[in-house]
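The structure appears right after this line, and notes come after that.
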Amino acid sequence: MGKTKVRKMLFILSKATIENVYAAFIMANGARMEGIESEIFFTFFGLEAIQKKKLEHLRVATVGNPAMHIPTMLGGLPGMEALATKMMKKEMEKLDMPPVGEFLEILSDSGCRLWACKLAVDMFHLKKEDLIDEVEDIITIGDFYARADQENTHLLFI
Amino acid sequence: MIITIKQVDIKVNDEGYLTDFSQWTKEIGEELAKENDIEMTDKHWEVISWIQEQVAANKPLSIRGIKKSGVIDIKQFYALFPGGPLKVSTKIAGVPKPKSCI
């Protein structure tokens, strides 16, 4: 316990595309599995990942993403995002990657603490009830910095 | 690398994981647990047996797998094996460190 030099990893998730959400989740979970404390602060579009009604409907971006290797004009056609998302989810399931809702449960059970950004919550007119129960509280960026104010802590913006 | 536990020479890798499972005994597991400041209970052993069964059956270990195991839930797993539960429990179980990212 506490043998790692890095003690705490704090993630700020500001995006709702599947690849960004999973990047944050996998790193936060990976930290816990190495005995490192971890927390995620969901802000701006990142809030979609903790909204009960939205979290299972996140998508991969097919427009403005050269790594998709789909011409931008085609990427914008109706149904393209849904199709690409479906394909990606299939690949993820093959690797035993949990869906977003289950992943959030795993994170919470693993001791990863989840926070929602107050400013973004106000901006999108959300209430605590719109968010999953695993979210501990709605806090300000100042509160989050206070959580980072320890030695051997890293902050990562996604 | 060779380490000596209870007067027995045990083959381990650089990270201290047994490289020959046939050398594993409960006493060795108990000593490896002590090195990680863990006092083994019946529940600990239940988890260790489950892990060994999974490895014997060639099933990959993951935290999601723990959730589905029916032996223990994730919260309890973290509480029993603090400091990276899969890493610590597999070391005690005498099996390789899992390569999974999840």
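Scheme for the structure tokens: letters A, B, ... for chains in order shown; per-chain residue numbers from 1; ligand numbers from 1 in order shown.
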
Hey, which bits of segment 78-144 of chain A sit within 10 Å of segment 77-88 of chain B, and for each residue what's the closest pair of atoms and how far apart in Å (one decimal), counting only C-alpha atoms, rows by chain and increasing number, as JSON lines?
{"residue": "A:Asp109", "atom": "CA", "partner": "B:Tyr78", "partner_atom": "CA", "distance": 8.6}
{"residue": "A:Ser110", "atom": "CA", "partner": "B:Tyr78", "partner_atom": "CA", "distance": 6.6}
{"residue": "A:Gly111", "atom": "CA", "partner": "B:Tyr78", "partner_atom": "CA", "distance": 8.2}

* Asked: What residues in chain A have any atom no more than 8 Å from chain B when counting only C-alpha atoms, and can you write them as a list in words?
  ->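 Using only C-alpha atoms, chain A residues at most 8 Å from chain B: Met1, Gly2, Lys3, Ile26, Asn29, Gly30, Arg32, Met33, Glu34, Gly35, Ile36, Asp96, Met97, Pro98, Ile106, Asp109, Ser110 and Gly111 of chain A.
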
Could you please take those selected residues and save all heavy atoms as a CSV table (one decimal), in the first residue's frame?
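Dumped everything to result.csv:
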chain,number,residue,atom,x,y,z
A,1,MET,N,0.8,-1.2,0.0
A,1,MET,CA,0.0,0.0,0.0
A,1,MET,C,0.9,1.3,0.0
A,1,MET,O,1.8,1.3,0.8
A,1,MET,CB,-0.9,0.0,1.2
A,1,MET,CG,-2.1,0.9,1.0
A,1,MET,SD,-3.4,0.6,2.3
A,1,MET,CE,-2.6,0.1,3.7
A,2,GLY,N,0.6,2.2,-0.9
A,2,GLY,CA,1.3,3.4,-0.9
A,2,GLY,C,2.8,3.3,-1.3
A,2,GLY,O,3.6,4.0,-0.8
A,3,LYS,N,3.1,2.3,-2.1
A,3,LYS,CA,4.5,2.0,-2.4
A,3,LYS,C,4.9,2.8,-3.7
A,3,LYS,O,6.1,3.0,-4.0
A,3,LYS,CB,4.8,0.5,-2.6
A,3,LYS,CG,4.9,-0.2,-1.3
A,3,LYS,CD,5.0,-1.7,-1.5
A,3,LYS,CE,4.9,-2.4,-0.2
A,3,LYS,NZ,4.4,-3.7,-0.3
A,26,ILE,N,-10.2,4.2,-18.4
A,26,ILE,CA,-9.2,3.2,-18.3
A,26,ILE,C,-8.0,3.6,-17.5
A,26,ILE,O,-7.4,2.9,-16.7
A,26,ILE,CB,-8.7,2.7,-19.8
A,26,ILE,CG1,-9.9,2.0,-20.4
A,26,ILE,CG2,-7.5,1.9,-19.7
A,26,ILE,CD1,-9.8,1.8,-21.9
A,29,ASN,N,-9.1,3.8,-13.8
A,29,ASN,CA,-9.2,2.4,-13.2
A,29,ASN,C,-7.8,1.8,-13.1
A,29,ASN,O,-7.5,1.1,-12.1
A,29,ASN,CB,-10.1,1.6,-14.2
A,29,ASN,CG,-10.2,0.1,-13.7
A,29,ASN,OD1,-10.6,-0.1,-12.6
A,29,ASN,ND2,-9.7,-0.8,-14.5
A,30,GLY,N,-7.0,2.0,-14.1
A,30,GLY,CA,-5.6,1.5,-14.1
A,30,GLY,C,-4.8,2.0,-12.9
A,30,GLY,O,-4.0,1.3,-12.3
A,32,ARG,N,-6.1,2.9,-10.0
A,32,ARG,CA,-6.5,2.1,-8.8
A,32,ARG,C,-5.9,0.7,-8.7
A,32,ARG,O,-5.6,0.2,-7.7
A,32,ARG,CB,-8.1,2.0,-8.8
A,32,ARG,CG,-8.8,3.3,-8.6
A,32,ARG,CD,-8.5,4.0,-7.3
A,32,ARG,NE,-8.8,3.2,-6.2
A,32,ARG,CZ,-8.0,3.0,-5.2
A,32,ARG,NH1,-6.7,3.5,-5.2
A,32,ARG,NH2,-8.3,2.2,-4.1
A,33,MET,N,-5.8,0.1,-9.9
A,33,MET,CA,-5.3,-1.2,-9.9
A,33,MET,C,-3.8,-1.3,-9.6
A,33,MET,O,-3.3,-2.4,-9.3
A,33,MET,CB,-5.6,-1.9,-11.3
A,33,MET,CG,-7.0,-2.2,-11.5
A,33,MET,SD,-7.4,-2.9,-13.1
A,33,MET,CE,-6.6,-4.4,-13.1
A,34,GLU,N,-3.1,-0.1,-9.7
A,34,GLU,CA,-1.7,-0.1,-9.3
A,34,GLU,C,-1.6,0.5,-7.9
A,34,GLU,O,-0.4,0.7,-7.5
A,34,GLU,CB,-1.0,0.9,-10.3
A,34,GLU,CG,-0.9,0.4,-11.7
A,34,GLU,CD,-0.1,-1.0,-11.8
A,34,GLU,OE1,0.9,-1.1,-11.2
A,34,GLU,OE2,-0.7,-1.9,-12.5
A,35,GLY,N,-2.7,0.6,-7.2
A,35,GLY,CA,-2.6,1.1,-5.9
A,35,GLY,C,-2.5,2.6,-5.8
A,35,GLY,O,-2.1,3.2,-4.7
A,36,ILE,N,-2.8,3.3,-6.9
A,36,ILE,CA,-2.7,4.8,-6.9
A,36,ILE,C,-4.2,5.4,-6.7
A,36,ILE,O,-5.1,4.8,-7.3
A,36,ILE,CB,-2.2,5.3,-8.3
A,36,ILE,CG1,-0.7,4.7,-8.4
A,36,ILE,CG2,-2.2,6.8,-8.4
A,36,ILE,CD1,-0.2,4.8,-9.9
A,96,ASP,N,-13.4,-7.4,-23.7
A,96,ASP,CA,-14.0,-7.4,-22.4
A,96,ASP,C,-14.0,-6.0,-21.7
A,96,ASP,O,-13.9,-5.9,-20.5
A,96,ASP,CB,-13.3,-8.5,-21.5
A,96,ASP,CG,-14.2,-8.9,-20.3
A,96,ASP,OD1,-15.5,-8.8,-20.5
A,96,ASP,OD2,-13.7,-9.3,-19.3
A,97,MET,N,-14.2,-5.0,-22.6
A,97,MET,CA,-14.3,-3.7,-22.0
A,97,MET,C,-15.7,-3.4,-21.6
A,97,MET,O,-16.6,-3.6,-22.4
A,97,MET,CB,-13.8,-2.6,-23.0
A,97,MET,CG,-12.3,-2.6,-23.1
A,97,MET,SD,-11.7,-1.7,-24.6
A,97,MET,CE,-12.0,0.0,-24.1
A,98,PRO,N,-16.0,-3.0,-20.4
A,98,PRO,CA,-17.4,-2.8,-20.0
A,98,PRO,C,-18.0,-1.6,-20.6
A,98,PRO,O,-17.3,-0.7,-20.9
A,98,PRO,CB,-17.2,-2.6,-18.4
A,98,PRO,CG,-15.8,-2.4,-18.2
A,98,PRO,CD,-15.0,-2.8,-19.3
A,106,ILE,N,-17.8,0.1,-11.7
A,106,ILE,CA,-16.5,-0.5,-11.4
A,106,ILE,C,-15.6,0.5,-10.8
A,106,ILE,O,-14.9,0.3,-9.8
A,106,ILE,CB,-15.9,-1.2,-12.6
A,106,ILE,CG1,-16.7,-2.4,-13.1
A,106,ILE,CG2,-14.4,-1.5,-12.4
A,106,ILE,CD1,-16.2,-3.1,-14.4
A,109,ASP,N,-16.8,1.4,-7.3
A,109,ASP,CA,-16.5,0.3,-6.3
A,109,ASP,C,-15.0,0.2,-6.1
A,109,ASP,O,-14.6,-0.3,-5.0
A,109,ASP,CB,-17.0,-1.0,-6.9
A,109,ASP,CG,-18.5,-1.1,-6.9
A,109,ASP,OD1,-19.1,-0.3,-6.2
A,109,ASP,OD2,-19.0,-2.0,-7.5
A,110,SER,N,-14.2,0.6,-7.1
A,110,SER,CA,-12.7,0.5,-6.9
A,110,SER,C,-12.2,1.7,-6.1
A,110,SER,O,-11.0,1.7,-5.8
A,110,SER,CB,-12.1,0.5,-8.3
A,110,SER,OG,-12.5,-0.5,-9.0
A,111,GLY,N,-13.0,2.6,-5.7
A,111,GLY,CA,-12.6,3.7,-4.9
A,111,GLY,C,-12.2,5.0,-5.7
A,111,GLY,O,-11.6,5.9,-5.1

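Distances here use only C-alpha atoms; by that measure, the residue among A:Leu10, A:Thr17, A:Lys127, A:Leu95 closest to Ala146 of chain A is A:Leu10.
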
* Picked from segment 27-64 of chain B by DSSP as helix (DSSP H, G or I), as a list in words -> Glu27, Ile28, Gly29, Glu30, Glu31, Leu32, Ala33, Lys34, Glu35, Asp42, Lys43, His44, Trp45, Glu46, Val47, Ile48, Ser49, Trp50, Ile51, Gln52, Glu53, Gln54, Val55, Ala56, Ile63 and Arg64 of chain B

* **Near-segment 56-72 of chain A list (6 Å; only C-alpha atoms; drop same-chain fewer than 5 positions) as a list in words** =>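 Once the adjacent positions are removed, what remains is Thr17, Ile18, Glu81 and Thr85 of chain A.
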
As a short mmCIF file (atom, residue, chain, number, x, y, z; two decimals) with all heavy atoms, in the first residue's frame, please: the residues near Gln54 of chain B (cut-off 12 Å, only C-alpha atoms, same-chain neighbours under 3 positions excluded).
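File produced: selection-v8.cif:
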data_model
loop_
_atom_site.label_atom_id
_atom_site.label_comp_id
_atom_site.auth_asym_id
_atom_site.auth_seq_id
_atom_site.Cartn_x
_atom_site.Cartn_y
_atom_site.Cartn_z
N VAL B 47 -10.60 -16.29 -2.46
CA VAL B 47 -10.26 -15.51 -3.66
C VAL B 47 -9.03 -16.10 -4.35
O VAL B 47 -9.01 -16.25 -5.58
CB VAL B 47 -10.01 -14.02 -3.28
CG1 VAL B 47 -9.56 -13.23 -4.51
CG2 VAL B 47 -11.25 -13.41 -2.67
N ILE B 48 -8.04 -16.46 -3.56
CA ILE B 48 -6.80 -17.02 -4.13
C ILE B 48 -7.12 -18.32 -4.90
O ILE B 48 -6.64 -18.50 -6.03
CB ILE B 48 -5.77 -17.29 -3.00
CG1 ILE B 48 -5.32 -15.98 -2.35
CG2 ILE B 48 -4.57 -18.10 -3.51
CD1 ILE B 48 -4.58 -15.01 -3.24
N SER B 49 -7.96 -19.17 -4.34
CA SER B 49 -8.32 -20.42 -5.04
C SER B 49 -9.03 -20.11 -6.34
O SER B 49 -8.78 -20.75 -7.36
CB SER B 49 -9.27 -21.28 -4.18
OG SER B 49 -8.70 -21.51 -2.95
N TRP B 50 -9.94 -19.13 -6.29
CA TRP B 50 -10.67 -18.76 -7.50
C TRP B 50 -9.70 -18.27 -8.59
O TRP B 50 -9.82 -18.67 -9.75
CB TRP B 50 -11.71 -17.68 -7.18
CG TRP B 50 -12.53 -17.28 -8.37
CD1 TRP B 50 -13.62 -17.91 -8.87
CD2 TRP B 50 -12.29 -16.16 -9.24
NE1 TRP B 50 -14.09 -17.25 -9.99
CE2 TRP B 50 -13.29 -16.18 -10.24
CE3 TRP B 50 -11.33 -15.14 -9.28
CZ2 TRP B 50 -13.36 -15.23 -11.26
CZ3 TRP B 50 -11.40 -14.20 -10.30
CH2 TRP B 50 -12.40 -14.25 -11.28
N ILE B 51 -8.74 -17.44 -8.18
CA ILE B 51 -7.75 -16.92 -9.13
C ILE B 51 -6.95 -18.08 -9.74
O ILE B 51 -6.74 -18.15 -10.96
CB ILE B 51 -6.82 -15.90 -8.44
CG1 ILE B 51 -7.58 -14.59 -8.23
CG2 ILE B 51 -5.53 -15.67 -9.24
CD1 ILE B 51 -6.86 -13.56 -7.40
N ALA B 57 -7.57 -22.60 -15.95
CA ALA B 57 -8.50 -22.76 -17.06
C ALA B 57 -8.18 -21.82 -18.22
O ALA B 57 -8.96 -21.70 -19.17
CB ALA B 57 -9.93 -22.51 -16.58
N ASN B 58 -7.04 -21.11 -18.10
CA ASN B 58 -6.60 -20.18 -19.15
C ASN B 58 -7.53 -19.00 -19.36
O ASN B 58 -7.65 -18.48 -20.47
CB ASN B 58 -6.44 -20.92 -20.48
CG ASN B 58 -4.97 -21.09 -20.80
OD1 ASN B 58 -4.16 -20.21 -20.45
ND2 ASN B 58 -4.63 -22.19 -21.41
N LYS B 59 -8.23 -18.61 -18.31
CA LYS B 59 -9.15 -17.48 -18.43
C LYS B 59 -8.43 -16.22 -17.96
O LYS B 59 -7.82 -16.23 -16.90
CB LYS B 59 -10.40 -17.70 -17.58
CG LYS B 59 -11.29 -18.77 -18.15
CD LYS B 59 -12.60 -18.84 -17.40
CE LYS B 59 -13.41 -20.04 -17.84
NZ LYS B 59 -14.19 -20.63 -16.76
N PRO B 60 -8.49 -15.13 -18.77
CA PRO B 60 -7.77 -13.91 -18.36
C PRO B 60 -8.40 -13.28 -17.11
O PRO B 60 -9.61 -13.34 -16.92
CB PRO B 60 -7.93 -12.98 -19.57
CG PRO B 60 -9.10 -13.50 -20.32
CD PRO B 60 -9.22 -14.97 -20.03
N LEU B 61 -7.56 -12.70 -16.28
CA LEU B 61 -8.05 -12.05 -15.06
C LEU B 61 -8.24 -10.56 -15.32
O LEU B 61 -7.41 -9.93 -15.97
CB LEU B 61 -7.03 -12.23 -13.93
CG LEU B 61 -6.85 -13.66 -13.43
CD1 LEU B 61 -5.58 -13.75 -12.59
CD2 LEU B 61 -8.05 -14.12 -12.62
N SER B 62 -9.33 -10.02 -14.82
CA SER B 62 -9.55 -8.58 -14.93
C SER B 62 -10.43 -8.16 -13.77
O SER B 62 -11.03 -9.00 -13.09
CB SER B 62 -10.25 -8.24 -16.24
OG SER B 62 -11.58 -8.72 -16.22
N GLY B 65 -13.85 -9.23 -14.34
CA GLY B 65 -14.00 -10.64 -14.03
C GLY B 65 -14.25 -10.86 -12.54
O GLY B 65 -15.04 -11.74 -12.15
N ILE B 66 -13.62 -10.07 -11.72
CA ILE B 66 -13.82 -10.15 -10.27
C ILE B 66 -15.28 -9.84 -9.94
O ILE B 66 -15.92 -10.52 -9.15
CB ILE B 66 -12.88 -9.15 -9.53
CG1 ILE B 66 -11.42 -9.55 -9.69
CG2 ILE B 66 -13.27 -9.00 -8.06
CD1 ILE B 66 -11.01 -10.81 -8.98
N SER B 69 -17.36 -12.73 -10.65
CA SER B 69 -16.86 -14.01 -10.12
C SER B 69 -17.85 -14.71 -9.20
O SER B 69 -17.88 -15.93 -9.11
CB SER B 69 -15.56 -13.77 -9.35
OG SER B 69 -15.81 -13.07 -8.16
N THR B 90 -2.50 -11.99 -7.23
CA THR B 90 -1.88 -12.97 -8.13
C THR B 90 -0.49 -13.36 -7.63
O THR B 90 -0.08 -14.50 -7.77
CB THR B 90 -1.77 -12.43 -9.58
OG1 THR B 90 -1.26 -11.09 -9.55
CG2 THR B 90 -3.10 -12.44 -10.28
N ALA B 93 -1.04 -15.84 -5.01
CA ALA B 93 -1.55 -17.08 -5.60
C ALA B 93 -0.48 -17.85 -6.37
O ALA B 93 -0.70 -18.98 -6.79
CB ALA B 93 -2.73 -16.76 -6.52
N VAL B 95 0.69 -17.11 -9.34
CA VAL B 95 0.42 -17.12 -10.78
C VAL B 95 1.00 -15.84 -11.40
O VAL B 95 1.32 -14.91 -10.68
CB VAL B 95 -1.10 -17.22 -11.07
CG1 VAL B 95 -1.68 -18.49 -10.47
CG2 VAL B 95 -1.85 -16.00 -10.55
N PRO B 96 1.13 -15.80 -12.74
CA PRO B 96 1.72 -14.60 -13.35
C PRO B 96 0.88 -13.34 -13.13
O PRO B 96 -0.34 -13.43 -12.98
CB PRO B 96 1.76 -14.95 -14.85
CG PRO B 96 1.62 -16.43 -14.92
CD PRO B 96 0.83 -16.85 -13.73
N PRO B 98 -1.29 -10.37 -14.10
CA PRO B 98 -2.17 -10.23 -15.27
C PRO B 98 -1.70 -9.12 -16.21
O PRO B 98 -1.22 -8.09 -15.76
CB PRO B 98 -3.53 -9.87 -14.67
CG PRO B 98 -3.40 -9.95 -13.21
CD PRO B 98 -1.96 -10.04 -12.85
#

* Do a neighbour search on Phe21 of chain B at 10 Å with only C-alpha atoms, toss out local chain neighbours closer than 4 positions, and write the hits as a ChimeraX atom specification. => /B:10-12,17,25,52,93-96

For Glu27 of chain B, please output as a short mmCIF file (atom, residue, chain, number, x, y, z; two decimals) with N, CA, C and O atoms, in the first residue's frame all residues within 10 Å (counting only C-alpha atoms; exclusion window: fewer than 4 positions along the same chain).
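The file below, selection19.cif, is the result:
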data_model
loop_
_atom_site.label_atom_id
_atom_site.label_comp_id
_atom_site.auth_asym_id
_atom_site.auth_seq_id
_atom_site.Cartn_x
_atom_site.Cartn_y
_atom_site.Cartn_z
N ILE B 5 12.01 -19.22 0.93
CA ILE B 5 10.88 -19.07 1.85
C ILE B 5 10.74 -20.37 2.62
O ILE B 5 10.61 -21.44 2.02
N LYS B 6 10.77 -20.28 3.95
CA LYS B 6 10.64 -21.47 4.81
C LYS B 6 11.62 -22.57 4.37
O LYS B 6 11.22 -23.72 4.12
N GLU B 31 3.47 -16.43 3.33
CA GLU B 31 4.67 -15.60 3.47
C GLU B 31 4.66 -14.43 2.50
O GLU B 31 5.00 -13.30 2.85
N LEU B 32 4.25 -14.73 1.24
CA LEU B 32 4.16 -13.65 0.23
C LEU B 32 3.14 -12.61 0.66
O LEU B 32 3.32 -11.41 0.43
N ALA B 33 2.06 -13.06 1.30
CA ALA B 33 1.04 -12.13 1.80
C ALA B 33 1.62 -11.23 2.88
O ALA B 33 1.41 -10.02 2.89
#
